[in-house]
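What follows is the content of upload.txt (compact mmCIF, C-alpha atoms).
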# COMPACT_ATOMS: atom_id res chain seq x y z
CA GLY A 1 140.03 115.28 45.04
CA GLY A 2 143.39 113.77 45.97
CA MET A 3 145.07 117.19 46.27
CA GLN A 4 147.34 117.85 49.22
CA ARG A 5 145.71 120.04 51.86
CA SER A 6 147.07 121.80 54.92
CA PHE A 7 145.01 123.06 57.84
CA ARG A 8 145.60 125.88 60.27
CA PHE A 9 143.27 126.69 63.17
CA PHE A 10 142.89 130.03 64.93
CA PHE A 11 141.08 129.99 68.27
CA ARG A 12 140.02 133.36 69.64
CA GLY A 13 137.39 134.18 72.22
CA THR A 14 135.35 131.07 71.45
CA GLY A 15 133.76 131.03 74.91
CA TYR A 16 131.90 134.35 74.59
CA ASP A 17 128.41 134.11 75.99
CA ASP A 18 125.57 135.85 74.13
CA LYS A 19 124.18 137.53 77.27
CA MET A 20 127.65 138.72 78.29
CA VAL A 21 128.35 140.26 74.85
CA ARG A 22 125.00 142.08 74.94
CA GLU A 23 125.75 143.49 78.37
CA LEU A 24 129.31 144.60 77.51
CA GLU A 25 128.32 146.13 74.16
CA GLY A 26 125.18 147.92 75.43
CA LEU A 27 122.74 145.85 73.37
CA GLU A 28 119.17 144.90 74.28
CA ALA A 29 118.72 141.59 76.15
CA SER A 30 118.66 138.24 74.32
CA GLY A 31 114.88 138.35 73.66
CA SER A 32 115.41 141.43 71.46
CA THR A 33 114.06 141.78 67.91
CA TYR A 34 117.71 142.48 66.99
CA VAL A 35 118.73 138.87 67.31
CA CYS A 36 122.42 139.07 66.44
CA THR A 37 125.39 140.56 68.31
CA LEU A 38 127.45 140.63 65.08
CA CYS A 39 125.07 142.33 62.63
CA ASP A 40 121.88 144.44 62.49
CA SER A 41 119.63 141.59 61.40
CA THR A 42 116.19 141.36 63.00
CA ARG A 43 114.58 138.08 64.01
CA ALA A 44 112.28 138.19 60.94
CA GLU A 45 115.17 138.92 58.54
CA ALA A 46 117.32 136.19 60.05
CA SER A 47 114.57 133.59 59.67
CA LYS A 48 114.31 134.37 55.92
CA ASN A 49 118.06 134.51 55.35
CA MET A 50 119.99 131.86 57.29
CA VAL A 51 123.22 132.07 55.27
CA LEU A 52 124.31 135.41 53.84
CA HIS A 53 125.37 137.45 56.85
CA SER A 54 128.47 139.54 57.40
CA ILE A 55 129.88 141.05 60.59
CA THR A 56 128.80 144.71 60.56
CA ARG A 57 128.55 145.73 64.23
CA SER A 58 131.53 147.34 65.93
CA HIS A 59 132.27 148.75 69.36
CA CYS A 60 132.78 152.28 67.96
CA GLU A 61 129.49 152.17 66.08
CA ASN A 62 127.69 150.90 69.20
CA LEU A 63 129.08 153.92 71.12
CA GLU A 64 127.87 156.30 68.38
CA ARG A 65 124.44 154.67 68.38
CA TYR A 66 124.23 154.97 72.17
CA GLU A 67 124.79 158.74 71.87
CA ILE A 68 121.99 158.93 69.29
CA TRP A 69 119.77 156.86 71.60
CA ARG A 70 120.58 159.19 74.52
CA LYS A 71 120.20 162.54 72.70
CA ASN A 72 117.62 161.70 70.00
CA PRO A 73 119.01 164.47 67.72
CA PHE A 74 116.35 163.94 65.02
CA SER A 75 113.42 164.15 67.49
CA GLU A 76 112.12 160.73 66.41
CA SER A 77 109.46 158.58 68.05
CA ALA A 78 110.57 155.70 70.31
CA ASP A 79 110.04 153.14 67.54
CA GLU A 80 111.87 155.21 64.91
CA LEU A 81 114.75 155.83 67.30
CA ARG A 82 115.00 152.14 68.19
CA ASP A 83 115.10 151.24 64.48
CA ARG A 84 117.89 153.77 63.94
CA VAL A 85 120.14 152.44 66.74
CA LYS A 86 119.41 148.75 65.95
CA GLY A 87 118.99 147.50 69.50
CA VAL A 88 121.63 149.57 71.32
CA SER A 89 120.06 150.70 74.59
CA ALA A 90 122.91 151.25 77.06
CA LYS A 91 126.47 152.56 76.99
CA PRO A 92 128.94 149.93 75.72
CA PHE A 93 131.81 149.73 78.23
CA MET A 94 134.05 146.98 76.89
CA GLU A 95 134.93 145.86 73.36
CA THR A 96 134.39 142.21 72.42
CA GLN A 97 136.08 140.71 69.37
CA PRO A 98 133.43 139.53 66.87
CA THR A 99 133.41 135.73 66.85
CA LEU A 100 130.84 132.96 66.85
CA ASP A 101 130.29 132.23 70.52
CA ALA A 102 130.30 128.67 71.83
CA LEU A 103 126.55 128.65 72.48
CA HIS A 104 125.72 129.37 68.83
CA CYS A 105 128.34 126.86 67.72
CA ASP A 106 126.40 124.27 69.78
CA ILE A 107 123.08 125.38 68.29
CA GLY A 108 124.38 125.29 64.69
CA ASN A 109 125.87 121.82 65.12
CA ALA A 110 122.78 120.43 66.85
CA THR A 111 120.54 121.79 64.06
CA GLU A 112 122.54 119.84 61.48
CA PHE A 113 122.66 116.66 63.55
CA TYR A 114 118.94 116.86 64.24
CA LYS A 115 118.48 116.55 60.45
CA ILE A 116 121.06 113.75 60.16
CA PHE A 117 119.32 111.77 62.92
CA GLN A 118 116.00 112.04 61.08
CA ASP A 119 117.63 110.97 57.79
CA GLU A 120 119.22 107.93 59.43
CA ILE A 121 115.95 106.86 61.05
CA GLY A 122 114.26 107.03 57.62
CA GLU A 123 117.24 105.48 55.77
CA VAL A 124 117.33 108.43 53.38
CA PHE A 125 120.46 107.00 51.69
CA LEU A 126 118.20 104.36 50.10
CA LYS A 127 115.66 106.89 48.78
CA SER A 128 116.22 109.38 45.98
CA ASN A 129 113.52 111.90 46.84
CA PRO A 130 111.54 111.26 50.05
CA SER A 131 108.17 112.99 50.33
CA ARG A 132 107.37 115.68 52.86
CA GLU A 133 105.04 113.23 54.62
CA GLU A 134 107.85 110.67 55.03
CA ARG A 135 110.17 113.34 56.46
CA ARG A 136 107.43 114.40 58.88
CA ARG A 137 107.11 110.79 60.08
CA TRP A 138 110.86 110.50 60.67
CA ARG A 139 110.90 113.73 62.67
CA SER A 140 107.91 112.59 64.69
CA ALA A 141 109.66 109.27 65.48
CA LEU A 142 112.81 111.11 66.58
CA ASP A 143 110.89 113.58 68.78
CA LYS A 144 108.93 110.73 70.38
CA GLN A 145 112.13 108.77 71.15
CA LEU A 146 113.90 111.82 72.63
CA ARG A 147 110.88 112.57 74.80
CA LYS A 148 110.68 108.95 75.97
CA LYS A 149 114.39 108.36 76.64
CA LEU A 150 115.65 111.83 77.62
CA LYS A 151 112.40 113.60 78.58
CA LEU A 152 113.36 116.13 75.91
CA LYS A 153 110.33 117.99 74.56
CA PRO A 154 110.28 119.01 70.87
CA VAL A 155 111.07 122.67 70.11
CA MET A 156 109.98 124.85 67.21
CA ARG A 157 113.35 126.58 67.03
CA MET A 158 116.65 125.10 68.20
CA ASN A 159 117.83 126.59 71.50
CA GLY A 160 120.91 126.13 73.70
CA ASN A 161 119.39 123.77 76.25
CA PHE A 162 117.91 121.45 73.61
CA ALA A 163 121.19 121.54 71.63
CA ARG A 164 123.30 120.57 74.65
CA ARG A 165 121.01 117.64 75.54
CA LEU A 166 120.77 116.46 71.92
CA MET A 167 124.54 116.34 71.44
CA THR A 168 125.24 113.75 74.17
CA ARG A 169 126.12 110.05 74.09
CA GLU A 170 122.81 109.27 75.79
CA ALA A 171 120.88 110.97 72.96
CA VAL A 172 122.90 109.28 70.21
CA GLU A 173 122.37 105.85 71.77
CA ALA A 174 118.62 106.57 71.90
CA VAL A 175 118.66 107.58 68.20
CA CYS A 176 120.64 104.45 67.26
CA GLU A 177 117.80 102.30 68.63
CA LEU A 178 115.68 103.61 65.73
CA VAL A 179 118.34 103.22 63.01
CA PRO A 180 117.58 99.93 61.21
CA SER A 181 121.07 99.22 59.76
CA GLU A 182 123.89 97.99 62.01
CA GLU A 183 126.46 99.50 59.61
CA ARG A 184 124.79 102.92 59.75
CA ARG A 185 124.56 102.77 63.55
CA GLU A 186 128.32 102.17 63.75
CA ALA A 187 129.02 105.04 61.33
CA LEU A 188 126.78 107.41 63.32
CA LEU A 189 128.47 106.43 66.61
CA LYS A 190 131.90 106.98 65.02
CA LEU A 191 130.85 110.40 63.71
CA MET A 192 129.56 111.43 67.13
CA ASP A 193 132.66 110.08 68.88
CA LEU A 194 134.82 112.37 66.71
CA TYR A 195 132.49 115.26 67.55
CA PHE A 196 132.84 114.61 71.29
CA GLN A 197 136.63 114.58 70.95
CA MET A 198 136.64 117.93 69.11
CA LYS A 199 134.04 119.73 71.20
CA PRO A 200 136.23 120.58 74.24
CA VAL A 201 138.63 122.44 71.92
CA TRP A 202 136.12 124.93 70.55
CA ARG A 203 134.27 125.21 73.87
CA SER A 204 137.47 126.34 75.59
CA SER A 205 138.89 129.85 75.62
CA PHE A 206 142.41 128.41 76.17
CA PRO A 207 142.49 124.98 74.46
CA ALA A 208 146.28 124.65 74.68
CA ARG A 209 146.02 124.86 78.45
CA ASP A 210 142.64 123.19 79.07
CA CYS A 211 142.70 120.23 76.65
CA PRO A 212 146.15 119.90 74.99
CA ASP A 213 145.62 116.25 73.96
CA GLN A 214 142.37 117.00 72.10
CA LEU A 215 144.02 120.06 70.54
CA CYS A 216 146.87 117.92 69.16
CA ARG A 217 144.37 115.52 67.60
CA TYR A 218 142.01 118.27 66.38
CA SER A 219 143.39 118.54 62.84
CA TYR A 220 143.30 114.77 62.30
CA ASN A 221 139.86 114.39 63.92
CA SER A 222 138.37 117.22 61.86
CA GLN A 223 139.62 115.65 58.61
CA GLN A 224 138.17 112.28 59.65
CA PHE A 225 134.91 114.01 60.58
CA ALA A 226 134.73 115.82 57.21
CA ASP A 227 135.54 112.64 55.28
CA LEU A 228 132.85 110.68 57.11
CA LEU A 229 130.26 113.43 56.52
CA SER A 230 131.06 113.77 52.82
CA THR A 231 131.12 110.02 52.08
CA THR A 232 128.89 108.01 54.44
CA PHE A 233 126.45 110.85 55.17
Would you mind writing the file's structure down as structure tokens?
Amino acid sequence: GGMQRSFRFFFRGTGYDDKMVRELEGLEASGSTYVCTLCDSTRAEASKNMVLHSITRSHCENLERYEIWRKNPFSESADELRDRVKGVSAKPFMETQPTLDALHCDIGNATEFYKIFQDEIGEVFLKSNPSREERRRWRSALDKQLRKKLKLKPVMRMNGNFARRLMTREAVEAVCELVPSEERREALLKLMDLYFQMKPVWRSSFPARDCPDQLCRYSYNSQQFADLLSTTF
């Protein structure tokens, strides 16, 4: 609201891979019911609550849970024991700092942009309250275009491969073919261009070494990105 703002960015361990964290911390593989490497949430719980999570897992706790898994001190059944240890099934041998890994950063961003693309195809900015049927049509048009231009099949739940393909220049150009307004096409391309400039920074474990130019522009680009999202979109 016109107030002066300052930004500071901390980059730490952004390149952690989900499978690697699970292996290092002794957790079940990525198909596990215990879907998160940062908390005890199950797949069912996570699907009901997409927002209010806190980081509760720790290396020490994973070690304690492994000992319980190994000794079964309460003589529980396999299912009861598994529920008690929350997906720990091997000895953790290296601590990982709890951060959002780059894969899930990709998935989170692609989920949002998938919605934005649908809204732009349907020109939602002209409508106050579009019906569910209209939204379904926009999604169907987007899925059809992505399948035709990128051979990208629709998915029920956003995954890493779909997210990486969706967040490319090729995909955005395909989406722009369905956006009726020239002005909105330009705005969408500008938004995505800022995204592509910022992405190498949070994909890298050492941005100062790997992409110093993008790192220098990151603060400016992120403010531009936020302004564009909050005004045009």
Quiz item: Which one of A:Met20, A:Leu194, A:Val172, A:Ser204 sits closest to Arg217 in chain A if you count all atoms listed in the file?
Solution: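 Checking each of A:Met20, A:Leu194, A:Val172, A:Ser204 against Arg217 in chain A, counting all atoms listed in the file, the winner is A:Leu194.
The interatomic distance for the pair CA of Asp17 in chain A and CA of Lys115 in chain A works out to 25.5 Å.
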Quiz prompt | Nearest candidate to Phe162 in chain A (options A:Pro130, A:Asn109, A:Ser58, A:Glu45; using all atoms listed in the file) | solution = A:Asn109
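Closest approach to Thr168 in chain A among A:Leu103, A:Leu81, A:Leu146, A:Leu228 is made by A:Leu146 (distances from only C-alpha atoms).
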Quiz item: Interatomic distance between CA of Lys151 in chain A and CA of Arg169 in chain A?
Solution: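 According to the coordinates, CA of Lys151 in chain A and CA of Arg169 in chain A are separated by 14.9 Å.
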